[in-house]
$ cat entry-v6.csv   # CSV, C-alpha atoms
chain,number,residue,atom,x,y,z
A,398,MET,CA,-9.7,-0.8,-59.9
A,399,ASN,CA,-8.5,-3.8,-58.0
A,400,ARG,CA,-6.4,-1.5,-55.9
A,401,LYS,CA,-9.4,0.7,-55.1
A,402,LEU,CA,-11.5,-2.3,-54.0
A,403,HIS,CA,-8.6,-3.3,-51.8
A,404,ILE,CA,-8.4,0.1,-50.2
A,405,SER,CA,-12.2,0.2,-49.5
A,406,VAL,CA,-12.1,-3.3,-48.0
A,407,VAL,CA,-9.2,-2.3,-45.7
A,408,ALA,CA,-11.1,0.9,-44.7
A,409,LEU,CA,-14.3,-1.1,-44.0
A,410,VAL,CA,-12.3,-3.5,-41.8
A,411,VAL,CA,-10.7,-0.6,-39.9
A,412,VAL,CA,-14.2,1.0,-39.3
A,413,ILE,CA,-15.6,-2.3,-38.0
A,414,PHE,CA,-12.7,-2.7,-35.7
A,415,ALA,CA,-12.9,0.8,-34.4
A,416,PHE,CA,-16.7,0.4,-33.8
A,417,GLY,CA,-16.0,-2.9,-31.9
A,418,ALA,CA,-13.3,-1.2,-29.8
A,419,TRP,CA,-15.6,1.6,-29.0
A,420,LEU,CA,-18.4,-0.8,-28.0
A,421,ASN,CA,-15.9,-2.6,-25.8
A,422,LEU,CA,-14.8,0.6,-24.2
A,423,ARG,CA,-18.4,1.5,-23.5
A,424,HIS,CA,-19.6,-1.8,-22.2
A,425,GLY,CA,-16.6,-4.0,-21.4
A,426,LYS,CA,-15.2,-1.8,-18.7
A,427,PRO,CA,-16.8,-0.9,-15.4
A,428,PRO,CA,-17.7,2.8,-15.7
A,429,GLU,CA,-15.5,5.0,-13.5
A,430,ASN,CA,-17.3,6.9,-10.8
A,431,GLY,CA,-14.8,9.7,-11.4
A,432,ALA,CA,-16.2,12.2,-9.0
A,433,VAL,CA,-15.6,10.1,-5.9
A,434,GLY,CA,-12.9,7.7,-7.0
A,435,GLY,CA,-15.0,4.6,-6.4
A,436,MET,CA,-15.5,2.3,-9.3
A,437,MET,CA,-18.9,1.0,-10.0
A,438,VAL,CA,-18.8,-2.8,-10.0
A,439,ASN,CA,-20.4,-5.7,-11.7
A,440,ALA,CA,-23.1,-7.3,-9.5
A,441,SER,CA,-21.5,-10.8,-9.9
A,442,ILE,CA,-18.5,-9.9,-7.7
A,443,GLY,CA,-18.5,-11.1,-4.1
A,444,GLY,CA,-20.9,-13.6,-2.5
A,445,PRO,CA,-21.1,-16.0,0.5
A,446,PHE,CA,-17.9,-17.0,2.3
A,447,GLU,CA,-17.0,-19.0,5.4
A,448,LEU,CA,-13.8,-18.1,7.2
A,449,THR,CA,-12.3,-17.8,10.7
A,450,ASP,CA,-11.9,-14.5,12.4
A,451,HIS,CA,-8.8,-13.3,14.5
A,452,THR,CA,-10.4,-14.5,17.7
A,453,GLY,CA,-10.7,-18.0,16.2
A,454,ALA,CA,-14.5,-17.9,15.7
A,455,ARG,CA,-16.2,-18.9,12.5
A,456,PHE,CA,-17.2,-15.9,10.5
A,457,THR,CA,-19.4,-15.8,7.4
A,458,ASP,CA,-20.8,-13.2,5.0
A,459,GLU,CA,-23.9,-13.3,7.2
A,460,ASP,CA,-22.0,-11.8,10.1
A,461,LEU,CA,-21.7,-8.7,7.9
A,462,ALA,CA,-25.3,-8.5,6.8
A,463,GLY,CA,-27.1,-5.3,7.7
A,464,ASP,CA,-23.9,-3.2,7.9
A,465,TYR,CA,-21.7,-1.6,5.4
A,466,ALA,CA,-18.2,-3.2,5.3
A,467,LEU,CA,-14.9,-2.1,3.9
A,468,ILE,CA,-13.0,-5.3,2.9
A,469,TYR,CA,-9.3,-5.5,2.1
A,470,PHE,CA,-7.4,-8.6,0.9
A,471,GLY,CA,-3.8,-8.5,2.0
A,472,TYR,CA,-1.2,-10.2,4.2
A,473,THR,CA,0.8,-9.4,7.3
A,474,PHE,CA,4.3,-10.1,5.7
A,475,CYS,CA,3.6,-7.0,3.6
A,476,PRO,CA,5.3,-3.9,5.0
A,477,ASP,CA,4.2,-1.4,2.5
A,478,VAL,CA,1.0,-1.7,0.4
A,479,CYS,CA,-1.2,-3.5,3.0
A,480,PRO,CA,-0.5,-1.3,6.0
A,481,THR,CA,-1.0,1.7,3.7
A,482,GLU,CA,-4.5,0.5,2.6
A,483,LEU,CA,-5.5,-0.6,6.2
A,484,GLY,CA,-4.3,2.8,7.4
A,485,GLU,CA,-6.5,4.6,4.8
A,486,ILE,CA,-9.5,2.5,5.9
A,487,ALA,CA,-8.8,3.6,9.5
A,488,VAL,CA,-8.6,7.3,8.4
A,489,ALA,CA,-11.8,6.9,6.4
A,490,LEU,CA,-13.6,5.5,9.5
A,491,ASP,CA,-12.3,8.5,11.6
A,492,GLN,CA,-13.6,10.9,9.0
A,493,LEU,CA,-17.0,9.1,8.9
A,494,ASP,CA,-17.3,10.1,12.5
A,495,LYS,CA,-20.6,8.6,13.9
A,496,ASP,CA,-21.5,7.1,10.5
A,497,ALA,CA,-18.5,4.8,11.1
A,498,ASP,CA,-20.6,2.7,13.4
A,499,ARG,CA,-22.4,1.5,10.3
A,500,VAL,CA,-19.2,0.4,8.6
A,501,ARG,CA,-17.3,-2.8,9.6
A,502,PRO,CA,-13.6,-2.8,8.6
A,503,VAL,CA,-12.4,-6.3,7.4
A,504,MET,CA,-9.1,-7.6,6.3
A,505,ILE,CA,-9.0,-11.0,4.6
A,506,THR,CA,-5.6,-12.6,4.4
A,507,ILE,CA,-4.4,-14.1,1.1
A,508,ASP,CA,-1.5,-15.8,2.9
A,509,PRO,CA,-3.3,-18.2,5.4
A,510,GLU,CA,0.0,-20.1,5.8
A,511,ARG,CA,1.6,-17.2,7.7
A,512,ASP,CA,-1.6,-15.5,8.8
A,513,THR,CA,-3.2,-17.7,11.4
A,514,ALA,CA,-6.0,-16.3,13.7
A,515,GLU,CA,-3.3,-15.8,16.3
A,516,VAL,CA,-1.1,-13.8,14.0
A,517,LEU,CA,-4.0,-11.7,12.9
A,518,SER,CA,-5.1,-11.1,16.5
A,519,GLU,CA,-1.8,-9.2,17.1
A,520,TYR,CA,-1.9,-7.4,13.8
A,521,VAL,CA,-5.5,-6.0,13.3
A,522,PRO,CA,-5.8,-3.9,16.5
A,523,LEU,CA,-2.7,-1.9,15.4
A,524,PHE,CA,-4.9,-0.4,12.6
A,525,HIS,CA,-8.4,0.0,14.1
A,526,GLU,CA,-10.0,-1.4,17.3
A,527,ARG,CA,-12.9,-2.8,15.2
A,528,LEU,CA,-10.9,-4.2,12.3
A,529,VAL,CA,-11.8,-7.9,11.8
A,530,GLY,CA,-9.0,-10.1,10.5
A,531,LEU,CA,-10.2,-13.2,8.6
A,532,THR,CA,-8.3,-16.3,7.6
A,533,GLY,CA,-9.1,-19.9,6.7
A,534,THR,CA,-7.9,-22.9,5.0
A,535,ALA,CA,-6.1,-22.4,1.7
A,536,GLU,CA,-9.3,-23.6,0.0
A,537,GLU,CA,-11.6,-21.2,1.9
A,538,VAL,CA,-9.3,-18.3,1.1
A,539,ARG,CA,-9.1,-19.3,-2.6
A,540,GLU,CA,-12.9,-19.4,-2.7
A,541,VAL,CA,-13.5,-16.0,-1.2
A,542,ALA,CA,-10.7,-14.4,-3.3
A,543,THR,CA,-12.1,-16.0,-6.5
A,544,SER,CA,-15.6,-14.7,-5.8
A,545,TYR,CA,-14.2,-11.2,-5.2
A,546,ARG,CA,-12.0,-11.6,-8.3
A,547,VAL,CA,-8.8,-11.0,-6.2
A,548,PHE,CA,-5.7,-12.1,-8.0
A,549,TYR,CA,-3.0,-13.5,-5.7
A,550,ARG,CA,0.0,-15.6,-6.3
A,551,ARG,CA,2.9,-16.8,-4.2
A,552,PHE,CA,6.3,-15.5,-5.4
A,553,GLU,CA,9.2,-17.7,-4.5
A,554,ASP,CA,12.8,-17.4,-5.7
A,555,PRO,CA,16.0,-19.1,-4.7
A,556,ASN,CA,17.5,-15.7,-4.2
A,557,TYR,CA,15.0,-14.8,-1.6
A,558,THR,CA,15.0,-16.2,1.9
A,559,TYR,CA,11.2,-15.7,2.2
A,560,TYR,CA,8.2,-15.8,0.0
A,561,LEU,CA,6.1,-12.9,-1.1
A,562,MET,CA,2.5,-12.6,-2.3
A,563,ASP,CA,1.7,-10.8,-5.5
A,564,HIS,CA,-1.9,-9.5,-5.2
A,565,THR,CA,-4.4,-7.0,-6.4
A,566,SER,CA,-5.0,-4.2,-3.9
A,567,PHE,CA,-8.6,-3.1,-3.8
A,568,VAL,CA,-10.8,-1.9,-1.0
A,569,TYR,CA,-14.3,-3.2,-1.5
A,570,LEU,CA,-17.4,-1.4,-0.1
A,571,LEU,CA,-20.0,-4.0,0.8
A,572,ALA,CA,-23.6,-2.7,1.1
A,573,PRO,CA,-25.9,-3.9,4.0
A,574,SER,CA,-27.6,-6.2,1.4
A,575,GLY,CA,-24.3,-8.1,0.9
A,576,GLU,CA,-23.7,-6.7,-2.6
A,577,ILE,CA,-20.5,-4.9,-3.5
A,578,ALA,CA,-21.4,-1.2,-3.8
A,579,ALA,CA,-18.0,0.1,-4.9
A,580,MET,CA,-14.3,-0.8,-5.3
A,581,PHE,CA,-11.5,1.6,-4.5
A,582,ARG,CA,-8.2,1.3,-6.3
A,583,TYR,CA,-4.9,1.4,-4.4
A,584,GLY,CA,-4.1,5.0,-3.6
A,585,THR,CA,-7.7,6.2,-3.4
A,586,PRO,CA,-7.7,9.0,-0.8
A,587,PRO,CA,-9.8,8.2,2.3
A,588,GLU,CA,-11.9,11.3,1.7
A,589,ASP,CA,-13.0,9.8,-1.6
A,590,MET,CA,-14.0,6.6,0.1
A,591,VAL,CA,-15.9,8.7,2.7
A,592,THR,CA,-17.8,10.5,-0.1
A,593,THR,CA,-18.8,7.3,-1.8
A,594,ILE,CA,-19.8,5.6,1.5
A,595,ARG,CA,-21.9,8.7,2.4
A,596,GLN,CA,-23.6,8.7,-1.0
A,597,HIS,CA,-24.5,5.1,-0.6
A,598,MET,CA,-25.8,5.7,2.9
A,599,ARG,CA,-28.0,8.5,1.6
A,600,GLY,CA,-29.1,6.2,-1.2
A,601,ASN,CA,-28.2,8.5,-4.0
A,602,ALA,CA,-25.1,6.9,-5.4
A,603,ARG,CA,-24.9,6.9,-9.1
A,604,GLY,CA,-25.8,3.7,-10.8
B,494,MET,CA,42.1,23.1,8.8
B,495,LEU,CA,39.1,25.1,10.0
B,496,LYS,CA,37.3,23.9,6.9
B,497,SER,CA,37.9,20.2,7.6
B,498,LEU,CA,36.8,20.7,11.2
B,499,PHE,CA,33.6,22.3,9.9
B,500,ALA,CA,33.1,19.4,7.5
B,501,ALA,CA,33.7,16.9,10.4
B,502,ALA,CA,31.2,18.7,12.5
B,503,LEU,CA,28.7,18.7,9.7
B,504,LEU,CA,29.2,15.0,9.3
B,505,VAL,CA,28.2,14.2,12.9
B,506,THR,CA,25.3,16.7,13.0
B,507,THR,CA,22.0,15.1,13.1
B,508,ILE,CA,18.9,16.8,14.2
B,509,LEU,CA,17.2,14.8,16.8
B,510,PRO,CA,14.2,12.8,15.7
B,511,ALA,CA,11.0,14.7,15.8
B,512,ASN,CA,8.1,15.1,13.4
B,513,GLY,CA,9.5,15.9,10.1
B,514,HIS,CA,13.1,15.6,11.2
B,515,GLU,CA,16.0,15.8,8.9
B,516,GLU,CA,19.3,14.0,8.9
B,517,LYS,CA,22.3,15.7,7.3
B,518,SER,CA,25.5,14.3,6.1
B,519,GLU,CA,28.3,15.8,3.9
B,520,ASN,CA,26.5,14.7,0.7
B,521,PHE,CA,22.9,14.3,1.6
B,522,THR,CA,19.9,15.7,3.4
B,523,ILE,CA,17.6,12.9,4.4
B,524,SER,CA,14.1,14.1,5.2
B,525,HIS,CA,12.1,12.4,7.8
B,526,PRO,CA,13.1,8.8,7.7
B,527,TRP,CA,10.1,6.9,9.2
B,528,SER,CA,8.7,3.5,9.6
B,529,ARG,CA,5.6,1.9,11.0
B,530,ALA,CA,4.7,0.1,14.2
B,531,THR,CA,4.6,-3.7,13.8
B,532,ALA,CA,2.9,-6.5,15.7
B,533,PRO,CA,5.0,-9.1,17.5
B,534,SER,CA,4.0,-11.7,14.9
B,535,GLN,CA,5.2,-9.4,12.0
B,536,LYS,CA,8.7,-10.1,11.1
B,537,VAL,CA,9.1,-7.3,8.5
B,538,GLY,CA,9.1,-3.5,8.5
B,539,ALA,CA,9.6,-0.8,5.9
B,540,VAL,CA,11.5,2.5,6.1
B,541,PHE,CA,10.6,5.5,4.0
B,542,MET,CA,12.4,8.8,3.5
B,543,GLU,CA,13.5,11.4,0.9
B,544,ILE,CA,17.1,11.5,0.1
B,545,LYS,CA,18.4,14.8,-1.3
B,546,ASN,CA,21.8,14.7,-3.0
B,547,ILE,CA,23.4,18.1,-2.2
B,548,THR,CA,26.5,17.5,-4.4
B,549,GLY,CA,26.9,17.8,-8.1
B,550,LYS,CA,27.7,14.1,-8.5
B,551,GLU,CA,25.2,11.3,-9.0
B,552,ASP,CA,25.3,8.6,-6.3
B,553,ARG,CA,23.4,5.4,-5.7
B,554,LEU,CA,21.8,3.9,-2.6
B,555,ILE,CA,23.1,0.4,-2.8
B,556,GLY,CA,22.3,-1.1,0.6
B,557,ALA,CA,21.3,-0.6,4.2
B,558,SER,CA,21.7,-2.3,7.5
B,559,SER,CA,20.2,-2.1,11.0
B,560,PRO,CA,21.0,-3.8,14.3
B,561,ASP,CA,17.2,-4.2,14.7
B,562,ALA,CA,16.8,-6.6,11.8
B,563,GLU,CA,18.6,-9.8,10.6
B,564,SER,CA,18.8,-8.4,7.1
B,565,THR,CA,17.9,-5.3,5.2
B,566,GLU,CA,17.1,-5.0,1.5
B,567,ILE,CA,16.0,-2.2,-0.9
B,568,HIS,CA,12.6,-3.0,-2.3
B,569,GLY,CA,10.3,-1.6,-4.9
B,570,HIS,CA,7.0,-2.4,-6.5
B,571,ILE,CA,6.2,-3.5,-10.0
B,572,ARG,CA,2.6,-2.4,-10.6
B,573,GLU,CA,1.0,-4.4,-13.3
B,574,GLY,CA,-2.5,-3.0,-13.7
B,575,ASP,CA,-3.9,-3.5,-10.3
B,576,ILE,CA,-1.5,-6.2,-9.2
B,577,MET,CA,1.2,-5.2,-6.9
B,578,ARG,CA,4.4,-7.2,-7.0
B,579,MET,CA,7.0,-6.3,-4.4
B,580,ARG,CA,10.5,-7.1,-5.4
B,581,ARG,CA,14.1,-6.5,-4.3
B,582,VAL,CA,15.7,-3.6,-6.3
B,583,GLU,CA,18.9,-5.0,-7.7
B,584,GLY,CA,21.7,-2.5,-8.2
B,585,GLY,CA,20.2,0.1,-5.9
B,586,ILE,CA,18.4,3.4,-6.4
B,587,ALA,CA,20.0,6.4,-8.2
B,588,VAL,CA,20.2,9.7,-6.4
B,589,PRO,CA,20.7,12.3,-9.1
B,590,ALA,CA,23.2,15.1,-8.7
B,591,ASN,CA,21.5,18.0,-6.9
B,592,GLY,CA,18.4,16.0,-7.1
B,593,SER,CA,16.4,13.7,-4.8
B,594,VAL,CA,14.7,10.4,-4.6
B,595,LYS,CA,11.7,9.6,-2.5
B,596,LEU,CA,11.1,6.3,-0.8
B,597,VAL,CA,7.3,6.3,-0.2
B,598,PRO,CA,4.6,3.8,0.3
B,599,GLY,CA,3.7,2.0,-2.9
B,600,GLY,CA,7.2,2.9,-4.3
B,601,PHE,CA,10.6,2.2,-2.9
B,602,HIS,CA,11.3,1.3,0.7
B,603,ILE,CA,14.1,-0.2,2.8
B,604,MET,CA,12.7,-3.5,4.0
B,605,LEU,CA,13.8,-4.7,7.4
B,606,ILE,CA,13.6,-8.5,7.5
B,607,GLY,CA,13.7,-10.6,10.6
B,608,LEU,CA,12.9,-7.9,13.1
B,609,ASN,CA,14.5,-8.7,16.5
B,610,ALA,CA,11.6,-7.0,18.3
B,611,PRO,CA,8.4,-5.4,17.3
B,612,LEU,CA,8.7,-1.7,16.1
B,613,LEU,CA,7.0,0.4,18.7
B,614,GLU,CA,5.4,3.8,17.9
B,615,GLU,CA,7.5,6.8,18.9
B,616,THR,CA,10.8,4.8,19.1
B,617,THR,CA,13.6,5.1,16.6
B,618,ILE,CA,15.4,2.6,14.4
B,619,PRO,CA,19.2,3.1,13.8
B,620,LEU,CA,20.0,2.6,10.2
B,621,THR,CA,23.1,2.7,8.1
B,622,LEU,CA,22.6,3.6,4.5
B,623,THR,CA,25.3,2.6,2.0
B,624,PHE,CA,26.0,4.7,-1.0
B,625,GLU,CA,28.1,3.7,-4.0
B,626,HIS,CA,30.3,6.8,-3.7
B,627,ALA,CA,29.6,8.5,-0.4
B,628,GLY,CA,29.9,5.3,1.6
B,629,SER,CA,28.0,4.9,4.9
B,630,VAL,CA,25.5,7.4,6.3
B,631,GLU,CA,24.0,6.8,9.7
B,632,ILE,CA,20.4,7.9,10.3
B,633,GLU,CA,17.6,7.2,12.7
B,634,ALA,CA,14.1,6.5,11.5
B,635,VAL,CA,11.1,7.4,13.6
B,636,VAL,CA,8.4,4.7,14.1
B,637,GLU,CA,4.9,6.0,13.5
B,638,SER,CA,1.6,4.3,13.8
B,639,ALA,CA,1.0,1.0,11.9
B,640,GLY,CA,-1.3,2.6,9.4
B,641,ALA,CA,0.7,5.8,8.9
B,642,SER,CA,1.0,6.9,5.2
B,643,ARG,CA,0.9,10.1,3.3
B,644,SER,CA,-1.9,11.1,5.6
B,645,GLY,CA,0.4,10.7,8.6
B,646,GLY,CA,3.3,12.8,9.7
B,647,ALA,CA,5.6,11.4,7.1
B,648,THR,CA,4.6,13.5,4.3
B,649,LYS,CA,3.4,16.6,6.0
B,650,MET,CA,5.6,18.6,3.7
B,651,GLU,CA,4.0,17.1,0.7
B,652,LYS,CA,0.5,17.7,2.2
B,653,MET,CA,1.3,21.4,2.5
B,654,ASP,CA,2.4,21.5,-1.1
B,655,HIS,CA,-0.4,19.5,-2.7
B,656,SER,CA,-3.5,19.3,-0.6
B,657,LYS,CA,-5.8,22.2,-1.0
B,658,GLY,CA,-6.7,22.7,2.6
B,659,HIS,CA,-8.3,19.4,3.4
B,660,GLN,CA,-7.2,18.3,6.8
B,661,MET,CA,-6.6,14.6,7.5
B,662,PRO,CA,-6.8,14.2,11.2
B,663,GLY,CA,-4.1,12.0,12.7
B,664,LYS,CA,-5.4,8.6,13.3
B,665,SER,CA,-6.7,8.3,16.9
B,666,LYS,CA,-7.2,5.0,18.6
$ encode --input "entry-v6.csv" --output "structure tokens"
Amino acid sequence: MNRKLHISVVALVVVIFAFGAWLNLRHGKPPENGAVGGMMVNASIGGPFELTDHTGARFTDEDLAGDYALIYFGYTFCPDVCPTELGEIAVALDQLDKDADRVRPVMITIDPERDTAEVLSEYVPLFHERLVGLTGTAEEVREVATSYRVFYRRFEDPNYTYYLMDHTSFVYLLAPSGEIAAMFRYGTPPEDMVTTIRQHMRGNARG
Amino acid sequence: MLKSLFAAALLVTTILPANGHEEKSENFTISHPWSRATAPSQKVGAVFMEIKNITGKEDRLIGASSPDAESTEIHGHIREGDIMRMRRVEGGIAVPANGSVKLVPGGFHIMLIGLNAPLLEETTIPLTLTFEHAGSVEIEAVVESAGASRSGGATKMEKMDHSKGHQMPGKSK
């Protein structure tokens, strides 16, 4: 009898946990926009920022208003992942053809110590003639990274003669309103970015 | 005698760098070693390639060097969710017997640290690979555009295998 009760209590707990997990799965995670590879995002990501562009001029979120933007957070002392993503952005712009005029490519450094405006001014044109490089004080960079929920951390080790930056590697699609319309994971093919961008331009994106 | 001459000839045979070039040594076929153009302010570069072991014995890529860089390390990525952590690969990379290993963006690469000069597109980088058993293998990596990746010339072979007819135009300036 006691044993039976025990088993039913355990079973009930399992059912409650399973239901909770299911709820979490449904509501806790951003739904995947599987068809195009762009993830739908929470409206609270992104927001105002104040930085310096690669020409040395002040640059804020308002400079992007009215246009779409593809924003990538990376750093120049990154020979692999960052050039890959910036290259994919450039390919996406090529594929967008004349629609590319409505999309501003932007790279925001998460390593302002190395990436001064001058350093960025040599770096960004290698990827695209319109790529804007943004840097700022450590505090300004922390603020924009935090609002975009970008994780970055300096990795230093006595066995290394240099420091590295660990970081999340997303490409954000900013809508003309300034809201984040989509996020693309590392490795999203440029044609998937193009599909998502075109859907947003035609105003029929899901969600 | 003839056999060893042949082997020696094979050892020095390298097909000149071109799109999708191959480098052959006694033990390996190295497919299209390539790198990316860098800005003068950029002090690092990465070299990618596919190493095919054409022998029946496992080997290990344990190091590399280039006169174009102060130091050269083998690097890989630890991907934790969406966080990328690039780290040195201690102990090298295994190249299985009659198998191959790919050094591709987001995976392994040979990192050139302290570049003596910016890497310019369409030039080549001399590189010496060091294997645990086979010793040194000299190759030349071709420098492609700064944003080249699998959509660039580097993985044309792969594209032919996997992409279903979609064309990725080469990046034009």
$ atom_distance --input "entry-v6.csv" --atom1 "CA of Ala532 in chain B" --atom2 "CA of Val516 in chain A"
8.5 Å
$ atom_distance --input "entry-v6.csv" --atom1 "CA of Gly444 in chain A" --atom2 "CA of Val538 in chain A"
13.0 Å
$ closest_residue --input "entry-v6.csv" --among "A:Asp554, A:Glu536, A:Asp464, A:Asp450" --to "chain B" --atoms "all atoms listed in the file"
A:Asp554
$ interface_residues --input "entry-v6.csv" --of "chain B" --to "chain A" --cutoff "9 Å" --atoms "only C-alpha atoms" --output "PDB file with C-alpha atoms, in the coordinates of the input"
ATOM      1  CA  ARG B 529       5.600   1.900  11.000  1.00  0.00           C
ATOM      2  CA  ALA B 530       4.700   0.100  14.200  1.00  0.00           C
ATOM      3  CA  THR B 531       4.600  -3.700  13.800  1.00  0.00           C
ATOM      4  CA  ALA B 532       2.900  -6.500  15.700  1.00  0.00           C
ATOM      5  CA  PRO B 533       5.000  -9.100  17.500  1.00  0.00           C
ATOM      6  CA  SER B 534       4.000 -11.700  14.900  1.00  0.00           C
ATOM      7  CA  GLN B 535       5.200  -9.400  12.000  1.00  0.00           C
ATOM      8  CA  LYS B 536       8.700 -10.100  11.100  1.00  0.00           C
ATOM      9  CA  VAL B 537       9.100  -7.300   8.500  1.00  0.00           C
ATOM     10  CA  GLY B 538       9.100  -3.500   8.500  1.00  0.00           C
ATOM     11  CA  ALA B 539       9.600  -0.800   5.900  1.00  0.00           C
ATOM     12  CA  VAL B 540      11.500   2.500   6.100  1.00  0.00           C
ATOM     13  CA  GLY B 574      -2.500  -3.000 -13.700  1.00  0.00           C
ATOM     14  CA  ASP B 575      -3.900  -3.500 -10.300  1.00  0.00           C
ATOM     15  CA  ILE B 576      -1.500  -6.200  -9.200  1.00  0.00           C
ATOM     16  CA  MET B 577       1.200  -5.200  -6.900  1.00  0.00           C
ATOM     17  CA  ARG B 578       4.400  -7.200  -7.000  1.00  0.00           C
ATOM     18  CA  MET B 579       7.000  -6.300  -4.400  1.00  0.00           C
ATOM     19  CA  ARG B 580      10.500  -7.100  -5.400  1.00  0.00           C
ATOM     20  CA  ARG B 581      14.100  -6.500  -4.300  1.00  0.00           C
ATOM     21  CA  VAL B 597       7.300   6.300  -0.200  1.00  0.00           C
ATOM     22  CA  PRO B 598       4.600   3.800   0.300  1.00  0.00           C
ATOM     23  CA  GLY B 599       3.700   2.000  -2.900  1.00  0.00           C
ATOM     24  CA  GLY B 600       7.200   2.900  -4.300  1.00  0.00           C
ATOM     25  CA  HIS B 602      11.300   1.300   0.700  1.00  0.00           C
ATOM     26  CA  MET B 604      12.700  -3.500   4.000  1.00  0.00           C
ATOM     27  CA  LEU B 605      13.800  -4.700   7.400  1.00  0.00           C
ATOM     28  CA  SER B 638       1.600   4.300  13.800  1.00  0.00           C
ATOM     29  CA  ALA B 639       1.000   1.000  11.900  1.00  0.00           C
ATOM     30  CA  GLY B 640      -1.300   2.600   9.400  1.00  0.00           C
ATOM     31  CA  ALA B 641       0.700   5.800   8.900  1.00  0.00           C
ATOM     32  CA  SER B 642       1.000   6.900   5.200  1.00  0.00           C
ATOM     33  CA  ARG B 643       0.900  10.100   3.300  1.00  0.00           C
ATOM     34  CA  SER B 644      -1.900  11.100   5.600  1.00  0.00           C
ATOM     35  CA  MET B 661      -6.600  14.600   7.500  1.00  0.00           C
ATOM     36  CA  PRO B 662      -6.800  14.200  11.200  1.00  0.00           C
ATOM     37  CA  GLY B 663      -4.100  12.000  12.700  1.00  0.00           C
ATOM     38  CA  LYS B 664      -5.400   8.600  13.300  1.00  0.00           C
ATOM     39  CA  SER B 665      -6.700   8.300  16.900  1.00  0.00           C
ATOM     40  CA  LYS B 666      -7.200   5.000  18.600  1.00  0.00           C
TER      41      LYS B 666
END
$ residues_around --input "entry-v6.csv" --residues "Glu563 in chain B" --least-positions-apart "3" --cutoff "7 Å" --atoms "all atoms listed in the file" --output "PyMOL selection string"
chain B and resi 606-608
$ residues_around --input "entry-v6.csv" --residues "Met542 in chain B" --least-positions-apart "6" --cutoff "8 Å" --atoms "only C-alpha atoms" --output "compact mmCIF listing (two decimals) with C-alpha atoms, in the coordinates of the input"
# COMPACT_ATOMS: atom_id res chain seq x y z
CA ILE B 523 17.60 12.90 4.40
CA SER B 524 14.10 14.10 5.20
CA HIS B 525 12.10 12.40 7.80
CA PRO B 526 13.10 8.80 7.70
CA TRP B 527 10.10 6.90 9.20
CA LYS B 595 11.70 9.60 -2.50
CA LEU B 596 11.10 6.30 -0.80
CA VAL B 597 7.30 6.30 -0.20
$ atom_distance --input "entry-v6.csv" --atom1 "CA of Arg527 in chain A" --atom2 "CA of Phe541 in chain B"
27.3 Å
$ residues_around --input "entry-v6.csv" --residues "Arg499 in chain A" --least-positions-apart "4" --cutoff "10 Å" --atoms "all atoms listed in the file" --output "mmCIF file with C-alpha atoms, in the frame of the given file"
data_model
loop_
_atom_site.group_PDB
_atom_site.id
_atom_site.type_symbol
_atom_site.label_atom_id
_atom_site.label_comp_id
_atom_site.auth_asym_id
_atom_site.auth_seq_id
_atom_site.Cartn_x
_atom_site.Cartn_y
_atom_site.Cartn_z
ATOM 1 C CA GLY A 463 -27.100 -5.300 7.700
ATOM 2 C CA ASP A 464 -23.900 -3.200 7.900
ATOM 3 C CA TYR A 465 -21.700 -1.600 5.400
ATOM 4 C CA ALA A 466 -18.200 -3.200 5.300
ATOM 5 C CA LEU A 490 -13.600 5.500 9.500
ATOM 6 C CA LEU A 493 -17.000 9.100 8.900
ATOM 7 C CA LYS A 495 -20.600 8.600 13.900
ATOM 8 C CA PRO A 573 -25.900 -3.900 4.000
ATOM 9 C CA MET A 598 -25.800 5.700 2.900
#
$ closest_residue --input "entry-v6.csv" --among "B:Glu516, B:Lys545, B:Ala634, B:Ile586" --to "Leu613 in chain B" --atoms "all atoms listed in the file"
B:Ala634
$ closest_residue --input "entry-v6.csv" --among "A:Tyr472, A:Asp460, A:Leu528, A:His451" --to "Ala497 in chain A" --atoms "only C-alpha atoms"
A:Leu528
$ closest_residue --input "entry-v6.csv" --among "B:Thr522, B:Glu543, B:Leu622, B:Val582" --to "Gly556 in chain B" --atoms "all atoms listed in the file"
B:Leu622
$ residues_near_point --input "entry-v6.csv" --point "(-22.7, -14.7, 3.6)" --cutoff "9 Å" --atoms "all atoms listed in the file" --output "list in words"
Gly444, Pro445, Phe446, Glu447, Phe456, Thr457, Asp458, Glu459, Asp460, Leu461, Ala462 and Gly575 of chain A
